[in-house]
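Here is target_0.tsv, consisting of TSV, C-alpha atoms:
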chain	number	residue	atom	x	y	z
A	1	MET	CA	-2.17	-24.81	-43.63
A	2	PRO	CA	-0.25	-23.13	-40.83
A	3	ASP	CA	-0.29	-25.61	-38.64
A	4	PRO	CA	-0.04	-26.69	-35.33
A	5	ALA	CA	2.25	-29.58	-34.84
A	6	PRO	CA	0.32	-32.70	-34.01
A	7	PRO	CA	0.30	-33.78	-30.42
A	8	THR	CA	3.49	-35.51	-29.63
A	9	GLY	CA	2.37	-37.94	-27.02
A	10	ALA	CA	5.14	-37.43	-24.53
A	11	SER	CA	6.20	-40.19	-22.22
A	12	VAL	CA	4.57	-40.57	-18.86
A	13	ALA	CA	7.86	-39.68	-17.22
A	14	SER	CA	8.17	-36.37	-18.99
A	15	ARG	CA	4.53	-35.54	-18.31
A	16	VAL	CA	5.03	-36.20	-14.63
A	17	GLY	CA	8.26	-34.22	-14.77
A	18	ILE	CA	6.63	-31.20	-16.38
A	19	ALA	CA	3.71	-31.36	-13.97
A	20	ALA	CA	6.11	-31.49	-11.03
A	21	LEU	CA	8.09	-28.60	-12.48
A	22	ALA	CA	4.94	-26.52	-12.89
A	23	VAL	CA	3.87	-27.22	-9.33
A	24	ALA	CA	7.37	-26.40	-8.06
A	25	ALA	CA	7.41	-23.15	-10.03
A	26	ALA	CA	3.96	-22.26	-8.70
A	27	GLY	CA	5.12	-23.05	-5.18
A	28	LEU	CA	8.20	-20.89	-5.59
A	29	CYS	CA	6.08	-18.02	-6.92
A	30	ALA	CA	3.61	-18.41	-4.05
A	31	TRP	CA	6.52	-18.28	-1.60
A	32	LEU	CA	8.02	-15.21	-3.27
A	33	GLY	CA	4.58	-13.62	-3.14
A	34	LEU	CA	4.32	-14.31	0.58
A	35	TRP	CA	7.77	-12.83	1.07
A	36	GLN	CA	6.68	-9.62	-0.66
A	37	TRP	CA	3.45	-9.69	1.33
A	38	ASP	CA	5.53	-9.70	4.52
A	39	ARG	CA	7.73	-6.95	3.18
A	40	ALA	CA	4.63	-4.88	2.47
A	41	HIS	CA	3.92	-5.03	6.19
A	42	VAL	CA	7.52	-4.45	7.26
A	43	ARG	CA	7.83	-1.50	4.92
A	44	ALA	CA	4.48	-0.09	5.99
A	45	GLU	CA	5.15	3.53	6.57
A	46	ALA	CA	3.73	5.43	9.45
A	47	ILE	CA	1.47	8.10	8.09
A	48	ALA	CA	3.44	11.19	8.79
A	49	VAL	CA	2.45	12.96	11.95
A	50	GLU	CA	2.16	16.57	11.04
A	51	PRO	CA	4.43	18.92	12.93
A	52	ALA	CA	2.88	20.91	15.73
A	53	VAL	CA	1.36	24.17	14.58
A	54	GLU	CA	-0.23	27.06	16.39
A	55	LEU	CA	-3.78	26.25	17.48
A	56	SER	CA	-5.28	29.18	15.56
A	57	GLU	CA	-4.05	27.65	12.29
A	58	LEU	CA	-6.04	24.51	12.99
A	59	ILE	CA	-9.22	25.64	14.60
A	60	ALA	CA	-11.19	28.69	15.68
A	61	VAL	CA	-13.06	28.84	18.94
A	62	SER	CA	-16.34	28.79	17.02
A	63	ASP	CA	-15.52	25.66	14.98
A	64	ALA	CA	-17.74	22.62	15.19
A	65	PRO	CA	-16.64	19.52	17.10
A	66	GLY	CA	-14.44	17.09	15.23
A	67	ALA	CA	-12.20	19.62	13.52
A	68	ALA	CA	-8.44	19.16	13.91
A	69	VAL	CA	-8.77	16.20	16.29
A	70	GLY	CA	-5.51	14.27	16.52
A	71	ARG	CA	-3.35	17.14	15.31
A	72	ALA	CA	-0.32	18.31	17.22
A	73	ALA	CA	-0.67	21.90	18.38
A	74	TRP	CA	0.68	24.58	20.68
A	75	VAL	CA	-0.91	27.79	21.79
A	76	ASP	CA	0.06	31.00	23.58
A	77	GLY	CA	-1.98	32.27	26.45
A	78	ALA	CA	-2.28	32.00	30.20
A	79	TRP	CA	-3.21	29.29	32.67
A	80	GLN	CA	-6.28	30.13	34.73
A	81	ASP	CA	-7.30	28.83	38.14
A	82	GLY	CA	-9.96	26.34	37.03
A	83	ARG	CA	-9.20	22.64	37.64
A	84	VAL	CA	-11.45	19.61	37.17
A	85	LEU	CA	-10.69	15.99	38.08
A	86	VAL	CA	-12.06	13.11	36.03
A	87	PRO	CA	-11.75	9.91	38.09
A	88	GLY	CA	-12.57	6.37	37.08
A	89	ARG	CA	-10.39	6.08	33.98
A	90	ALA	CA	-8.20	3.16	33.02
A	91	VAL	CA	-4.74	4.14	31.76
A	92	ASP	CA	-2.05	1.51	31.29
A	93	GLY	CA	-4.23	-0.89	33.27
A	94	VAL	CA	-4.34	1.43	36.28
A	95	ASP	CA	-7.43	3.09	37.76
A	96	ALA	CA	-6.56	6.64	36.86
A	97	THR	CA	-7.76	10.17	37.37
A	98	LEU	CA	-7.37	12.84	34.71
A	99	LEU	CA	-6.60	16.44	35.54
A	100	LEU	CA	-8.20	19.14	33.42
A	101	ALA	CA	-7.00	22.71	33.60
A	102	GLU	CA	-8.43	25.98	32.31
A	103	PHE	CA	-6.38	27.85	29.74
A	104	ARG	CA	-7.14	31.24	28.22
A	105	THR	CA	-5.75	31.41	24.71
A	106	GLY	CA	-3.96	34.48	23.43
A	107	GLY	CA	-1.94	34.78	20.28
A	108	SER	CA	-3.34	35.48	16.87
A	109	GLY	CA	-6.74	33.78	17.02
A	110	GLN	CA	-9.91	34.91	18.74
A	111	PRO	CA	-9.31	34.26	22.46
A	112	GLY	CA	-11.28	31.55	24.19
A	113	THR	CA	-11.18	28.98	26.93
A	114	LEU	CA	-9.30	25.80	26.14
A	115	ALA	CA	-9.76	22.75	28.34
A	116	VAL	CA	-6.36	21.11	28.74
A	117	ILE	CA	-5.85	17.55	29.90
A	118	VAL	CA	-2.72	18.08	31.98
A	119	GLY	CA	-2.14	14.39	32.58
A	120	TRP	CA	-3.19	11.42	34.64
A	121	ALA	CA	-2.26	9.90	37.98
A	122	PRO	CA	-3.23	6.68	39.77
A	123	SER	CA	-6.50	7.28	41.63
A	124	ALA	CA	-5.23	5.30	44.60
A	125	ASP	CA	-2.37	7.70	45.17
A	126	LEU	CA	-3.28	11.14	43.86
A	127	PRO	CA	-0.35	13.55	43.84
A	128	PRO	CA	-0.89	17.24	44.64
A	129	LEU	CA	-2.11	19.49	41.86
A	130	PRO	CA	0.91	20.62	39.87
A	131	SER	CA	1.95	24.20	39.34
A	132	LEU	CA	1.50	25.07	35.70
A	133	ASP	CA	3.68	28.17	35.81
A	134	GLY	CA	6.08	28.00	32.92
A	135	VAL	CA	4.43	24.91	31.43
A	136	ASP	CA	3.94	25.31	27.69
A	137	ALA	CA	0.50	24.55	26.34
A	138	GLN	CA	1.52	22.07	23.69
A	139	GLY	CA	0.43	18.57	22.83
A	140	TRP	CA	-2.27	17.11	20.65
A	141	LEU	CA	-5.98	17.71	20.21
A	142	ARG	CA	-8.51	15.21	21.41
A	143	ALA	CA	-12.26	15.11	20.83
A	144	SER	CA	-14.46	16.13	23.69
A	145	GLU	CA	-16.47	13.43	25.41
A	146	ALA	CA	-20.22	13.78	25.80
A	147	PRO	CA	-21.08	16.24	28.54
A	148	ALA	CA	-21.66	14.89	32.02
A	149	PRO	CA	-22.66	16.59	35.24
A	150	ILE	CA	-19.95	18.28	37.31
A	151	ASP	CA	-19.81	17.97	41.06
A	152	ARG	CA	-19.10	21.59	42.00
A	153	GLU	CA	-19.02	20.83	45.73
A	154	ALA	CA	-15.82	18.84	45.46
A	155	THR	CA	-12.45	20.58	45.58
A	156	PRO	CA	-11.45	20.64	42.84
A	157	PRO	CA	-14.74	19.91	41.05
A	158	THR	CA	-15.06	16.43	39.55
A	159	SER	CA	-16.81	15.06	36.49
A	160	THR	CA	-17.12	11.66	34.87
A	161	ALA	CA	-16.28	13.05	31.43
A	162	ALA	CA	-13.39	14.94	29.90
A	163	SER	CA	-15.83	17.24	28.17
A	164	SER	CA	-15.38	20.79	26.96
A	165	ALA	CA	-19.16	21.27	27.13
A	166	ALA	CA	-19.16	20.19	30.78
A	167	VAL	CA	-16.37	22.52	31.86
A	168	ALA	CA	-18.04	25.34	29.92
A	169	GLN	CA	-20.52	25.43	32.80
A	170	LEU	CA	-17.67	26.53	35.07
A	171	TRP	CA	-15.30	28.46	32.86
A	172	PRO	CA	-15.94	31.59	30.77
A	173	ALA	CA	-17.26	31.27	27.22
A	174	PRO	CA	-16.39	30.83	24.42
A	175	THR	CA	-14.85	27.37	24.76
A	176	PHE	CA	-12.90	25.42	22.17
A	177	SER	CA	-14.60	22.17	21.22
A	178	PRO	CA	-11.59	19.81	21.34
A	179	LEU	CA	-9.34	19.41	24.36
A	180	LEU	CA	-5.59	19.84	24.29
A	181	VAL	CA	-3.69	16.92	25.80
A	182	LEU	CA	-0.37	18.11	27.21
A	183	GLY	CA	2.39	16.17	25.51
A	184	ASP	CA	4.66	16.14	28.54
A	185	GLY	CA	2.29	16.15	31.51
A	186	ALA	CA	3.16	18.31	34.51
A	187	GLY	CA	4.58	17.58	37.93
A	188	GLN	CA	3.68	14.04	38.93
A	189	TRP	CA	0.81	13.99	36.44
A	190	ARG	CA	1.90	11.82	33.59
A	191	PRO	CA	1.07	12.51	29.94
A	192	LEU	CA	-1.73	10.47	28.38
A	193	PRO	CA	-0.40	7.95	25.88
A	194	GLN	CA	-0.72	9.21	22.32
A	195	PRO	CA	-2.94	7.37	19.90
A	196	GLU	CA	-1.04	4.81	17.82
A	197	PRO	CA	0.17	6.31	14.57
A	198	GLN	CA	-1.67	4.85	11.63
A	199	SER	CA	0.26	3.18	8.89
A	200	ARG	CA	-0.33	2.12	5.35
A	201	LEU	CA	0.98	-1.00	3.66
A	202	ASN	CA	3.78	-0.56	1.19
A	203	PHE	CA	2.07	-0.44	-2.20
A	204	GLN	CA	5.11	-1.48	-4.20
A	205	SER	CA	5.62	-4.70	-2.25
A	206	LEU	CA	1.90	-5.44	-2.40
A	207	THR	CA	1.92	-5.26	-6.19
A	208	TYR	CA	5.01	-7.47	-6.33
A	209	ALA	CA	3.23	-10.02	-4.14
A	210	ALA	CA	0.19	-9.97	-6.45
A	211	GLU	CA	2.42	-10.34	-9.50
A	212	TRP	CA	4.25	-13.33	-8.06
A	213	TRP	CA	0.96	-15.04	-7.36
A	214	VAL	CA	-0.21	-14.37	-10.92
A	215	PHE	CA	3.05	-15.85	-12.24
A	216	GLY	CA	2.50	-18.93	-10.06
A	217	LEU	CA	-0.98	-19.35	-11.47
A	218	PHE	CA	0.46	-18.94	-14.96
A	219	ALA	CA	2.97	-21.73	-14.35
A	220	LEU	CA	0.13	-24.02	-13.26
A	221	VAL	CA	-2.01	-23.18	-16.30
A	222	VAL	CA	0.89	-23.67	-18.72
A	223	GLY	CA	1.90	-26.93	-17.06
A	224	ALA	CA	-1.66	-28.27	-17.12
A	225	ARG	CA	-2.06	-27.26	-20.73
A	226	TRP	CA	1.18	-28.91	-21.77
A	227	VAL	CA	0.39	-32.14	-19.98
A	228	ARG	CA	-3.06	-32.22	-21.54
A	229	ASP	CA	-1.79	-31.48	-25.05
A	230	ASN	CA	0.96	-34.01	-24.84
A	231	GLY	CA	-0.97	-36.67	-23.09
A	232	ARG	CA	-2.96	-37.89	-26.04
A	233	THR	CA	-1.01	-40.38	-28.01
A	234	GLU	CA	-3.56	-40.74	-30.72
A	235	PRO	CA	-2.95	-37.97	-33.24
A	236	THR	CA	-6.52	-38.23	-34.43
A	237	ARG	CA	-7.76	-35.08	-32.81
A	238	GLY	CA	-8.32	-32.58	-35.56
A	239	ASN	CA	-8.59	-28.86	-35.24
A	240	PRO	CA	-11.82	-27.69	-33.81
B	1	MET	CA	-10.24	-23.75	-41.58
B	2	THR	CA	-10.63	-20.02	-42.01
B	3	ASP	CA	-11.92	-19.90	-38.46
B	4	THR	CA	-8.63	-21.33	-37.36
B	5	ALA	CA	-6.68	-18.92	-39.52
B	6	ASP	CA	-8.72	-15.97	-38.25
B	7	SER	CA	-8.24	-17.04	-34.69
B	8	ILE	CA	-4.50	-17.40	-35.20
B	9	ARG	CA	-4.36	-14.02	-36.89
B	10	ALA	CA	-6.24	-12.39	-34.00
B	11	ARG	CA	-3.98	-13.99	-31.43
B	12	LEU	CA	-0.90	-13.02	-33.40
B	13	GLN	CA	-2.14	-9.44	-33.59
B	14	ARG	CA	-2.74	-9.25	-29.83
B	15	TYR	CA	0.66	-10.77	-29.18
B	16	ARG	CA	2.40	-8.27	-31.49
B	17	VAL	CA	0.70	-5.27	-29.86
B	18	MET	CA	1.59	-6.48	-26.39
B	19	ALA	CA	5.16	-7.33	-27.44
B	20	ILE	CA	5.71	-3.80	-28.74
B	21	VAL	CA	4.07	-2.11	-25.75
B	22	THR	CA	5.92	-4.28	-23.24
B	23	GLY	CA	9.20	-4.00	-25.13
B	24	THR	CA	8.97	-0.21	-25.24
B	25	LEU	CA	8.17	0.03	-21.53
B	26	LEU	CA	11.03	-2.33	-20.78
B	27	VAL	CA	13.52	-0.20	-22.69
B	28	LEU	CA	12.32	2.86	-20.77
B	29	VAL	CA	12.64	1.02	-17.46
B	30	PHE	CA	16.17	-0.05	-18.36
B	31	LEU	CA	17.12	3.46	-19.38
B	32	GLY	CA	15.75	4.49	-15.98
B	33	LEU	CA	18.12	2.03	-14.30
B	34	LEU	CA	21.02	4.09	-15.66
B	35	ARG	CA	20.31	6.49	-12.80
B	36	TYR	CA	21.91	4.05	-10.40
B	37	LEU	CA	25.27	4.49	-12.13
B	38	PRO	CA	27.46	6.70	-9.95
B	39	PHE	CA	28.28	9.33	-12.54
B	40	VAL	CA	24.74	9.85	-13.80
B	41	PRO	CA	22.81	12.78	-12.33
B	42	ARG	CA	19.78	11.63	-10.41
B	43	PRO	CA	16.99	14.18	-10.30
B	44	GLU	CA	14.49	13.51	-7.53
B	45	SER	CA	11.59	14.51	-9.74
B	46	LEU	CA	12.28	11.58	-12.07
B	47	GLU	CA	12.31	9.05	-9.25
B	48	ALA	CA	8.53	8.78	-8.86
B	49	VAL	CA	7.98	8.66	-12.62
B	50	LEU	CA	10.47	5.83	-13.08
B	51	LEU	CA	9.11	3.88	-10.15
B	52	THR	CA	5.60	4.16	-11.57
B	53	LEU	CA	6.92	3.17	-14.98
B	54	SER	CA	8.44	-0.04	-13.66
B	55	GLN	CA	5.22	-0.88	-11.85
B	56	VAL	CA	3.20	-0.28	-15.00
B	57	HIS	CA	5.62	-2.56	-16.83
B	58	GLY	CA	4.95	-5.24	-14.22
B	59	PHE	CA	1.23	-5.22	-14.88
B	60	VAL	CA	1.53	-4.86	-18.64
B	61	TYR	CA	3.90	-7.84	-18.56
B	62	ILE	CA	1.11	-9.97	-17.11
B	63	VAL	CA	-1.17	-9.02	-20.00
B	64	TYR	CA	1.72	-9.74	-22.36
B	65	LEU	CA	2.16	-13.20	-20.85
B	66	VAL	CA	-1.52	-13.93	-21.37
B	67	ALA	CA	-1.25	-12.85	-25.02
B	68	CYS	CA	1.83	-15.07	-25.43
B	69	TYR	CA	0.02	-17.97	-23.85
B	70	MET	CA	-3.01	-17.58	-26.14
B	71	LEU	CA	-0.84	-17.68	-29.25
B	72	TRP	CA	1.42	-20.40	-27.89
B	73	SER	CA	-1.39	-22.74	-26.95
B	74	ARG	CA	-3.10	-22.25	-30.31
B	75	MET	CA	0.12	-22.94	-32.21
B	76	ARG	CA	1.00	-25.90	-29.97
B	77	TRP	CA	4.60	-24.79	-29.72
B	78	GLY	CA	6.97	-26.35	-27.25
B	79	LEU	CA	7.62	-25.13	-23.72
B	80	GLY	CA	10.99	-23.72	-24.75
B	81	ARG	CA	9.40	-21.22	-27.09
B	82	LEU	CA	7.00	-20.08	-24.37
B	83	ALA	CA	9.98	-19.56	-22.09
B	84	VAL	CA	11.71	-17.41	-24.72
B	85	LEU	CA	8.50	-15.44	-25.26
B	86	ALA	CA	8.19	-14.87	-21.52
B	87	LEU	CA	11.83	-13.74	-21.38
B	88	GLY	CA	11.03	-11.33	-24.21
B	89	GLY	CA	9.19	-9.18	-21.68
B	90	ILE	CA	12.12	-9.07	-19.28
B	91	VAL	CA	15.22	-8.96	-21.48
B	92	PRO	CA	15.46	-5.66	-23.34
B	93	VAL	CA	15.15	-5.84	-27.14
B	94	LEU	CA	14.63	-9.63	-27.11
B	95	GLY	CA	10.88	-8.97	-27.26
B	96	PHE	CA	11.25	-6.99	-30.48
B	97	ILE	CA	13.41	-9.68	-32.09
B	98	MET	CA	10.94	-12.38	-31.14
B	99	GLU	CA	8.04	-10.28	-32.36
B	100	ARG	CA	9.60	-9.99	-35.83
B	101	ARG	CA	10.52	-13.64	-36.02
B	102	ILE	CA	7.18	-14.95	-34.75
B	103	ALA	CA	5.19	-12.60	-36.98
B	104	ARG	CA	7.12	-13.73	-40.05
B	105	GLU	CA	6.91	-17.39	-39.18
B	106	VAL	CA	3.20	-17.41	-38.40
B	107	THR	CA	2.28	-15.23	-41.39
B	108	GLU	CA	4.26	-17.45	-43.75
B	109	GLY	CA	2.59	-20.48	-42.22
B	110	LEU	CA	-0.82	-18.97	-42.78
B	111	ALA	CA	0.01	-18.11	-46.38
B	112	SER	CA	1.24	-21.55	-47.31
Could you write out this file's structure as structure tokens?
Amino acid sequence: MPDPAPPTGASVASRVGIAALAVAAAGLCAWLGLWQWDRAHVRAEAIAVEPAVELSELIAVSDAPGAAVGRAAWVDGAWQDGRVLVPGRAVDGVDATLLLAEFRTGGSGQPGTLAVIVGWAPSADLPPLPSLDGVDAQGWLRASEAPAPIDREATPPTSTAASSAAVAQLWPAPTFSPLLVLGDGAGQWRPLPQPEPQSRLNFQSLTYAAEWWVFGLFALVVGARWVRDNGRTEPTRGNP
Amino acid sequence: MTDTADSIRARLQRYRVMAIVTGTLLVLVFLGLLRYLPFVPRPESLEAVLLTLSQVHGFVYIVYLVACYMLWSRMRWGLGRLAVLALGGIVPVLGFIMERRIAREVTEGLAS
């Protein structure tokens, strides 16, 4: 018979000692796991922001809404005279007004009208409209808001939405679906804050955290098993 | 009786498979560590492979520990032996040595 040594019936002191050791080991593993868990957050990498590319590589004027939103882009072409103000926005906790400008794209793609969000300014103290001569059309693409009526009587016209469909009523077709947000603003019109870059947790540290917790559990199981096996002084228990 | 022997045999078999798999992965991981020596060339393409390899070893090691535990608890060995078995998945080559020794010991025990 192979066998299994009979239960030894360890002293109470050693049973308590082993149990304490197992709990301590489990605690240490849990702590190491938490440490790696924190590191997974510290080492979280920002999902790379793609470098700015020419608009025509991202989207055509006929593309459906939603395409290329969030991407950094630049485009050749010429500023046109159209301007639209969008009041009633909150930016950085300030009641703000957005300035939209009309841009006619040139370059390699099919030309079209691109609504550009030049920037924002506090509504209470609106600066003069900036000159866009020499301002490069570069920034990032933002989804159009739902269309809203435009007050054409105002100078410049105003709307409650930064919407490419709304400005299409004023400016020549075809119109690009997303809006370009100027990365640098213009004049006293400040650039809109960029969306927070997304990040992903560090996978390596996450797996280390999980492994430490498994090891901690293992220490507890082994400790419990040992205490149970060595706790019975009567060697009468046979094999099952 | 035979149930016990069969159960021990099955646990031994699982342990041996895991010992060899874990031991092999461990040797590969350690060979991979050579890349940190200053005079060893360090191709970028290998980096991802070796990183993945060490992560795979981490998870396989957990399965190995479970296999060790199953055999250990059935054989009612002492804690020291479990510790050595656990080390066998972390110290290169130790796993292979233990695998040979344990296999011989348990098989002889079963035969007697």
So how far away is atom CA of Arg74 of chain B from atom CA of Arg15 of chain A, in Å?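 Separating atom CA of Arg15 of chain A from atom CA of Arg74 of chain B is a distance of 19.5 Å.
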Find the residue from A:Gly223, A:Gln110, A:Val181, A:Leu217 that sits nearest to Val69 of chain A; use all atoms listed in the file when measuring.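 Comparing A:Gly223, A:Gln110, A:Val181, A:Leu217 against Val69 of chain A, the winner is A:Val181.
Distances here use all atoms listed in the file; by that measure, the residue among A:Ala121, A:Trp213, A:Val135, A:Arg200 closest to Gly77 of chain A is A:Val135.
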Please indicate the distance in Å from atom CA of Phe30 of chain B to atom CA of Gly89 of chain B, rounded to one decimal place.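 These atoms are spaced 12.0 Å apart.
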Would you list the residues near (15.8, -6.0, -22.6) (no more than 10 Å away, in the coordinates of the file, using all atoms listed in the file) as a PyMOL selection string? chain B and resi 23-30+87-96
Taking only C-alpha atoms into account, what are the residues of chain B at most 12 Å from chain A, put as a PyMOL selection string? chain B and resi 1-9+48+51-80+82-83+86+104-112
Point-to-point distance from atom CA of Phe176 of chain A to atom CA of Arg190 of chain A, Å rounded to tenths: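 Interatomic distance here is 23.1 Å.
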A:Arg43, A:Val84, A:Gly183, A:Gly93: which is nearest Ala154 of chain A, counting all atoms listed in the file?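 Checking each of A:Arg43, A:Val84, A:Gly183, A:Gly93 against Ala154 of chain A, counting all atoms listed in the file, the winner is A:Val84.
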Dump N, CA and C atoms of segment 62-90 of chain B from the given block, as a tab-separated table (two decimals), in the first residue's frame.
chain	number	residue	atom	x	y	z
B	62	ILE	N	-0.20	28.52	-12.20
B	62	ILE	CA	-1.34	28.37	-11.30
B	62	ILE	C	-1.97	26.98	-11.45
B	63	VAL	N	-2.11	26.53	-12.69
B	63	VAL	CA	-2.64	25.19	-12.93
B	63	VAL	C	-1.71	24.14	-12.33
B	64	TYR	N	-0.40	24.39	-12.50
B	64	TYR	CA	0.61	23.49	-11.94
B	64	TYR	C	0.47	23.40	-10.42
B	65	LEU	N	0.28	24.55	-9.78
B	65	LEU	CA	0.12	24.56	-8.32
B	65	LEU	C	-1.10	23.72	-7.90
B	66	VAL	N	-2.18	23.87	-8.66
B	66	VAL	CA	-3.38	23.10	-8.33
B	66	VAL	C	-3.08	21.60	-8.44
B	67	ALA	N	-2.37	21.21	-9.52
B	67	ALA	CA	-2.03	19.80	-9.69
B	67	ALA	C	-1.14	19.32	-8.54
B	68	CYS	N	-0.18	20.15	-8.14
B	68	CYS	CA	0.68	19.81	-7.01
B	68	CYS	C	-0.16	19.61	-5.74
B	69	TYR	N	-1.08	20.55	-5.55
B	69	TYR	CA	-1.90	20.51	-4.34
B	69	TYR	C	-2.73	19.23	-4.30
B	70	MET	N	-3.30	18.84	-5.46
B	70	MET	CA	-4.15	17.65	-5.51
B	70	MET	C	-3.35	16.41	-5.11
B	71	LEU	N	-2.14	16.31	-5.65
B	71	LEU	CA	-1.30	15.15	-5.32
B	71	LEU	C	-0.85	15.22	-3.86
B	72	TRP	N	-0.42	16.40	-3.47
B	72	TRP	CA	0.10	16.61	-2.11
B	72	TRP	C	-0.94	16.26	-1.06
B	73	SER	N	-2.18	16.74	-1.27
B	73	SER	CA	-3.19	16.52	-0.24
B	73	SER	C	-3.60	15.05	-0.19
B	74	ARG	N	-3.57	14.38	-1.34
B	74	ARG	CA	-3.89	12.96	-1.37
B	74	ARG	C	-2.80	12.14	-0.67
B	75	MET	N	-1.55	12.54	-0.87
B	75	MET	CA	-0.44	11.79	-0.28
B	75	MET	C	-0.17	12.17	1.16
B	76	ARG	N	-0.82	13.22	1.62
B	76	ARG	CA	-0.62	13.73	2.99
B	76	ARG	C	0.86	13.95	3.29
B	77	TRP	N	1.53	14.60	2.35
B	77	TRP	CA	2.92	14.97	2.59
B	77	TRP	C	2.96	16.20	3.49
B	78	GLY	N	4.16	16.51	3.92
B	78	GLY	CA	4.32	17.68	4.79
B	78	GLY	C	4.32	18.98	3.98
B	79	LEU	N	4.25	20.09	4.72
B	79	LEU	CA	4.23	21.40	4.06
B	79	LEU	C	5.52	21.67	3.30
B	80	GLY	N	6.63	21.15	3.83
B	80	GLY	CA	7.93	21.39	3.20
B	80	GLY	C	7.95	20.87	1.78
B	81	ARG	N	7.38	19.69	1.59
B	81	ARG	CA	7.38	19.12	0.24
B	81	ARG	C	6.53	19.97	-0.71
B	82	LEU	N	5.41	20.49	-0.20
B	82	LEU	CA	4.58	21.34	-1.05
B	82	LEU	C	5.36	22.59	-1.46
B	83	ALA	N	6.13	23.11	-0.50
B	83	ALA	CA	6.92	24.30	-0.79
B	83	ALA	C	7.93	24.01	-1.90
B	84	VAL	N	8.59	22.83	-1.81
B	84	VAL	CA	9.57	22.48	-2.83
B	84	VAL	C	8.87	22.30	-4.18
B	85	LEU	N	7.69	21.66	-4.16
B	85	LEU	CA	6.94	21.48	-5.41
B	85	LEU	C	6.60	22.84	-6.01
B	86	ALA	N	6.16	23.76	-5.15
B	86	ALA	CA	5.79	25.09	-5.65
B	86	ALA	C	7.02	25.78	-6.24
B	87	LEU	N	8.16	25.64	-5.56
B	87	LEU	CA	9.40	26.24	-6.07
B	87	LEU	C	9.79	25.63	-7.42
B	88	GLY	N	9.39	24.35	-7.61
B	88	GLY	CA	9.73	23.67	-8.85
B	88	GLY	C	9.20	24.38	-10.09
B	89	GLY	N	8.18	25.23	-9.90
B	89	GLY	CA	7.65	25.97	-11.04
B	89	GLY	C	8.30	27.31	-11.23
B	90	ILE	N	9.22	27.66	-10.32
B	90	ILE	CA	9.85	28.98	-10.38
B	90	ILE	C	11.36	28.88	-10.56
